[in-house]
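J.: Before anything else, here's the structure in question.
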Amino acid sequence: MKIYSDPKCLNYHSPGHPERPTRVEATVAWLKERQPEWTWEPFEVASDLSLLRVHPRSHLDRLQEERAFDADTAFHDDIFEIARLGTSSTLATMASARSGEKAFSLMRPPGHHAEQAQAMGFCYLNHIAIAALEAVDTGIEKVAVWDFDAHHGNGTEAILEGVEGAFYVSVHQHPCYPGTGTVSRGNAMNFPVSPGTPPEVHMEVLARSWKAILDFEPELVLVSAGFDAYELDPLTDMRLRSSDFEALGSWLAEAKIPVAATLEGGYSDDLPLLVEAFLKGWSRS
């Protein structure tokens, strides 16, 4: 397992905000201690060309203006460059996947709520959508995005809508922020799950969503790996357990398809254990 991370992603915070530096800091420390055989890789900074595949220049400029984006998404010094690093790490995982390796981007901020011209929901740049469009533009005929974050990836769906060769599948809590993802249409398939759904039922829904990914027969799968459907997450009302995330990882391993994954949500103090469980399941041959 290759892991891409950069300590610069720790260099911003809002007091009391759930998307806090310790999410990544504690997870990095935990994985390095518990899984010394996994490798930690450097990566190059993404070009403007990559970012502009999704976001207009006006959005990149807006990210550098000293004013908040919404009540949950504050301006921070250097947030544009920090978010760019998150995109860069996701692109590096995709390159590794295309070379036959398993790779995970362990960065913040997350990305799947960011729309083409709007930062929102803790997200500034849509890392996974940028990677998907880069894949399409560089020879991948069929790319699928599997999003199991407890919140619907409204930005990813909107960006990929109508893109030939791209397929978006999301399993998420509803009702919940941002309130989208209630219907499937075109190249987007949504699986809303009610708050408090038993984990066994939630896993059945996830299995159906993963079958939809496999039925698409993608050459590459990009995973928005959010861990906020966990039973102790403070922002949602879902019931998944650590063993369930390990099972999701094992599905990736069994599929024998190039897969790259990037951290989205997950706000419990148990995030390090959940990421480890997912990667352990995935790292098994």
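Starting from 1 in every chain, residues are counted up; chains themselves are A, B, ... following the order of the structure tokens, and ligands are numbered from 1 as listed.
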For range 173-273 of chain A versus range 146-160 of chain A, which residues have an atom no more than 7 Å away, and what is each residue's nearest atom pair and distance in Å rounded to one decimal, using only C-alpha atoms, chain-then-number order, as a Markdown table?
T.:
| residue | atom | partner | partner_atom | distance |
| --- | --- | --- | --- | --- |
| A:Gln173 | CA | A:Ala150 | CA | 5.3 |
| A:Cys176 | CA | A:His151 | CA | 6.7 |
| A:Tyr177 | CA | A:His151 | CA | 6.1 |
| A:Pro178 | CA | A:His152 | CA | 6.8 |
| A:Thr180 | CA | A:Asn154 | CA | 6.3 |
| A:Gly181 | CA | A:His152 | CA | 5.9 |
| A:Ala188 | CA | A:Glu157 | CA | 6.6 |
| A:Leu222 | CA | A:Trp146 | CA | 6.3 |
| A:Val223 | CA | A:Trp146 | CA | 4.8 |
| A:Ser224 | CA | A:Asp147 | CA | 4.5 |
| A:Ala225 | CA | A:Asp149 | CA | 6.0 |
| A:Gly226 | CA | A:Asp149 | CA | 3.8 |
| A:Phe227 | CA | A:Asp149 | CA | 6.1 |
| A:Asp228 | CA | A:Ala150 | CA | 5.5 |
| A:Ala229 | CA | A:Ala150 | CA | 4.9 |
| A:Glu264 | CA | A:Asp149 | CA | 6.9 |
| A:Gly265 | CA | A:Asp149 | CA | 6.3 |
J.: Applying 12 Å and only C-alpha atoms, which residues near Lys211 in chain A remain after dropping the ones on its own chain fewer than 6 positions away? List them as a list in words.
T.: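 Result of the neighbour search: Ala144, Trp146, Val169, Met189, Glu204, Val205, Glu217, Pro218, Trp251, Leu252 and Ala255 of chain A.
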J.: At most 10 Å is the cut-off: for each residue in range 16-117 of chain A with any atom that close to an atom of range 123-142 of chain A, write down the nearest atom pair and the distance in Å rounded to one decimal, counting only C-alpha atoms, chain first then increasing number, as CSV.
T.:
residue,atom,partner,partner_atom,distance
A:Leu49,CA,A:Glu134,CA,9.6
A:Ser50,CA,A:Ile130,CA,6.7
A:Leu51,CA,A:Ile130,CA,6.4
A:Leu52,CA,A:Ile130,CA,8.4
A:Arg53,CA,A:Ile130,CA,6.4
A:Val54,CA,A:Ile130,CA,5.8
A:His55,CA,A:Leu125,CA,7.8
A:His59,CA,A:Leu125,CA,9.1
A:Leu60,CA,A:Leu125,CA,8.7
A:Leu63,CA,A:Tyr124,CA,7.3
A:Phe69,CA,A:Tyr124,CA,9.0
A:Asp72,CA,A:Cys123,CA,9.3
A:Thr73,CA,A:Cys123,CA,7.1
A:Ala74,CA,A:Tyr124,CA,9.7
A:Phe75,CA,A:Tyr124,CA,9.7
A:Ile79,CA,A:Tyr124,CA,8.1
A:Phe80,CA,A:Tyr124,CA,7.5
A:Ile82,CA,A:Tyr124,CA,9.6
A:Ala83,CA,A:Leu125,CA,6.2
A:Arg84,CA,A:Leu125,CA,7.2
A:Leu85,CA,A:His127,CA,9.4
A:Gly86,CA,A:His127,CA,6.6
A:Thr87,CA,A:His127,CA,4.4
A:Ser88,CA,A:His127,CA,8.0
A:Ser89,CA,A:His127,CA,8.6
A:Thr90,CA,A:His127,CA,6.2
A:Leu91,CA,A:Ala131,CA,5.6
A:Ala92,CA,A:Ala131,CA,9.3
A:Thr93,CA,A:Ala131,CA,9.3
A:Met94,CA,A:Ala131,CA,7.1
A:Ala95,CA,A:Ala135,CA,9.2
A:Arg98,CA,A:Ala135,CA,9.5
A:Arg108,CA,A:Cys123,CA,8.9
A:Pro109,CA,A:Cys123,CA,6.0
A:Pro110,CA,A:Cys123,CA,5.3
A:Gly111,CA,A:Asn126,CA,4.3
A:His112,CA,A:Asn126,CA,5.4
A:His113,CA,A:Cys123,CA,5.8
A:Ala114,CA,A:Asn126,CA,5.2
A:Glu115,CA,A:Asn126,CA,7.0
A:Gln116,CA,A:Asn126,CA,8.0
A:Ala117,CA,A:Leu125,CA,9.3
J.: Give me a file of those residues, with C-alpha atoms, as a PDB file, in the first residue's frame.
T.:
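Output (part_27.pdb):
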ATOM      1  CA  LEU A  49      -4.059  22.763 -16.229  1.00  0.00           C
ATOM      2  CA  SER A  50      -5.255  19.941 -13.977  1.00  0.00           C
ATOM      3  CA  LEU A  51      -7.296  22.260 -11.760  1.00  0.00           C
ATOM      4  CA  LEU A  52      -8.797  24.080 -14.746  1.00  0.00           C
ATOM      5  CA  ARG A  53     -10.219  20.829 -16.072  1.00  0.00           C
ATOM      6  CA  VAL A  54     -12.910  21.353 -13.421  1.00  0.00           C
ATOM      7  CA  HIS A  55     -12.687  24.818 -11.886  1.00  0.00           C
ATOM      8  CA  HIS A  59     -12.837  30.091  -8.750  1.00  0.00           C
ATOM      9  CA  LEU A  60      -9.096  29.675  -8.242  1.00  0.00           C
ATOM     10  CA  LEU A  63     -10.070  30.852  -3.137  1.00  0.00           C
ATOM     11  CA  PHE A  69     -17.190  30.882   1.506  1.00  0.00           C
ATOM     12  CA  ASP A  72     -18.822  25.900   7.410  1.00  0.00           C
ATOM     13  CA  THR A  73     -16.089  26.804   4.937  1.00  0.00           C
ATOM     14  CA  ALA A  74     -13.800  29.570   6.121  1.00  0.00           C
ATOM     15  CA  PHE A  75     -11.007  31.390   4.375  1.00  0.00           C
ATOM     16  CA  ILE A  79      -5.944  27.496   1.701  1.00  0.00           C
ATOM     17  CA  PHE A  80      -5.733  27.522  -2.088  1.00  0.00           C
ATOM     18  CA  ILE A  82      -3.180  23.536   0.694  1.00  0.00           C
ATOM     19  CA  ALA A  83      -6.247  22.422  -1.258  1.00  0.00           C
ATOM     20  CA  ARG A  84      -4.057  22.146  -4.364  1.00  0.00           C
ATOM     21  CA  LEU A  85      -1.869  19.721  -2.422  1.00  0.00           C
ATOM     22  CA  GLY A  86      -4.957  17.624  -1.725  1.00  0.00           C
ATOM     23  CA  THR A  87      -5.668  17.483  -5.438  1.00  0.00           C
ATOM     24  CA  SER A  88      -2.004  16.730  -6.130  1.00  0.00           C
ATOM     25  CA  SER A  89      -2.053  13.801  -3.731  1.00  0.00           C
ATOM     26  CA  THR A  90      -5.216  12.414  -5.325  1.00  0.00           C
ATOM     27  CA  LEU A  91      -3.659  12.674  -8.778  1.00  0.00           C
ATOM     28  CA  ALA A  92      -0.601  10.820  -7.469  1.00  0.00           C
ATOM     29  CA  THR A  93      -2.787   7.979  -6.195  1.00  0.00           C
ATOM     30  CA  MET A  94      -4.431   7.779  -9.598  1.00  0.00           C
ATOM     31  CA  ALA A  95      -1.061   7.545 -11.330  1.00  0.00           C
ATOM     32  CA  ARG A  98      -2.769   3.137 -13.347  1.00  0.00           C
ATOM     33  CA  ARG A 108      -7.257  17.504   4.061  1.00  0.00           C
ATOM     34  CA  PRO A 109      -9.354  19.449   3.165  1.00  0.00           C
ATOM     35  CA  PRO A 110     -11.826  17.011   1.616  1.00  0.00           C
ATOM     36  CA  GLY A 111     -13.201  17.783  -1.831  1.00  0.00           C
ATOM     37  CA  HIS A 112     -16.434  16.124  -2.934  1.00  0.00           C
ATOM     38  CA  HIS A 113     -18.778  19.017  -2.039  1.00  0.00           C
ATOM     39  CA  ALA A 114     -16.801  21.598  -4.032  1.00  0.00           C
ATOM     40  CA  GLU A 115     -18.667  22.593  -7.169  1.00  0.00           C
ATOM     41  CA  GLN A 116     -17.093  24.068 -10.280  1.00  0.00           C
ATOM     42  CA  ALA A 117     -17.339  27.642  -9.000  1.00  0.00           C
TER      43      ALA A 117
END
J.: Got a sec to tell me which of range 38-252 of chain A DSSP assigns to strand (DSSP E or B), as a PyMOL selection string?
T.: chain A and resi 39-41+70+73+103-105+115+118+120+123+143-147+166-173+185+188-193+220-225+230+240
J.: Check range 21-247 of chain A with DSSP on the backbone and list each residue it calls alpha helix (DSSP H), as number ranges by chain.
T.: A: 22-34, 48-52, 57-62, 79-98, 127-137, 154-160, 199-216, 242-247
J.: Which residues come within 9 Å of Met1 in chain A, counting only C-alpha atoms, excluding same-chain residues fewer than 6 positions away, as a list in words?
T.: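 Here the qualifying residues turn out to be Glu37, Trp38, Thr39, Trp40, Glu101, Lys102, Ala103, Phe104, Leu279, Lys280, Trp282 and Ser283 of chain A.
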J.: Using only N, CA and C atoms, please write the residues we just selected to a file, as a PDB file, in the first residue's frame.
T.:
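part_24.pdb was written with the following content:
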ATOM      1  N   GLU A  37       5.224  -1.514   7.008  1.00  0.00           N
ATOM      2  CA  GLU A  37       5.544  -1.990   5.650  1.00  0.00           C
ATOM      3  C   GLU A  37       4.894  -1.131   4.570  1.00  0.00           C
ATOM      4  N   TRP A  38       3.909  -0.338   4.928  1.00  0.00           N
ATOM      5  CA  TRP A  38       3.301   0.562   3.941  1.00  0.00           C
ATOM      6  C   TRP A  38       4.255   1.707   3.659  1.00  0.00           C
ATOM      7  N   THR A  39       4.259   2.180   2.418  1.00  0.00           N
ATOM      8  CA  THR A  39       5.226   3.203   2.025  1.00  0.00           C
ATOM      9  C   THR A  39       4.561   4.576   1.923  1.00  0.00           C
ATOM     10  N   TRP A  40       5.336   5.603   2.266  1.00  0.00           N
ATOM     11  CA  TRP A  40       4.866   6.985   2.245  1.00  0.00           C
ATOM     12  C   TRP A  40       5.598   7.706   1.134  1.00  0.00           C
ATOM     13  N   GLU A 101      -0.654  -0.271  -8.789  1.00  0.00           N
ATOM     14  CA  GLU A 101      -0.405  -0.227  -7.347  1.00  0.00           C
ATOM     15  C   GLU A 101      -1.635   0.273  -6.603  1.00  0.00           C
ATOM     16  N   LYS A 102      -1.735  -0.101  -5.336  1.00  0.00           N
ATOM     17  CA  LYS A 102      -2.813   0.373  -4.476  1.00  0.00           C
ATOM     18  C   LYS A 102      -2.328   1.627  -3.757  1.00  0.00           C
ATOM     19  N   ALA A 103      -3.126   2.688  -3.803  1.00  0.00           N
ATOM     20  CA  ALA A 103      -2.650   3.961  -3.265  1.00  0.00           C
ATOM     21  C   ALA A 103      -3.802   4.748  -2.647  1.00  0.00           C
ATOM     22  N   PHE A 104      -3.476   5.435  -1.556  1.00  0.00           N
ATOM     23  CA  PHE A 104      -4.461   6.192  -0.778  1.00  0.00           C
ATOM     24  C   PHE A 104      -3.925   7.588  -0.502  1.00  0.00           C
ATOM     25  N   LEU A 279      -7.823   0.153   4.748  1.00  0.00           N
ATOM     26  CA  LEU A 279      -6.612  -0.128   3.974  1.00  0.00           C
ATOM     27  C   LEU A 279      -6.131  -1.569   4.183  1.00  0.00           C
ATOM     28  N   LYS A 280      -6.328  -2.113   5.367  1.00  0.00           N
ATOM     29  CA  LYS A 280      -5.973  -3.523   5.599  1.00  0.00           C
ATOM     30  C   LYS A 280      -6.811  -4.437   4.712  1.00  0.00           C
ATOM     31  N   TRP A 282      -8.196  -3.672   1.928  1.00  0.00           N
ATOM     32  CA  TRP A 282      -7.810  -3.433   0.532  1.00  0.00           C
ATOM     33  C   TRP A 282      -6.444  -4.013   0.211  1.00  0.00           C
ATOM     34  N   SER A 283      -5.530  -3.998   1.168  1.00  0.00           N
ATOM     35  CA  SER A 283      -4.150  -4.406   0.887  1.00  0.00           C
ATOM     36  C   SER A 283      -4.005  -5.922   0.760  1.00  0.00           C
TER      37      SER A 283
END
J.: May I ask which of the residues A:Asp77, A:Val221, A:Ser209, A:Val201 is the closest one to Ile257 in chain A, counting only C-alpha atoms?
T.: A:Val221
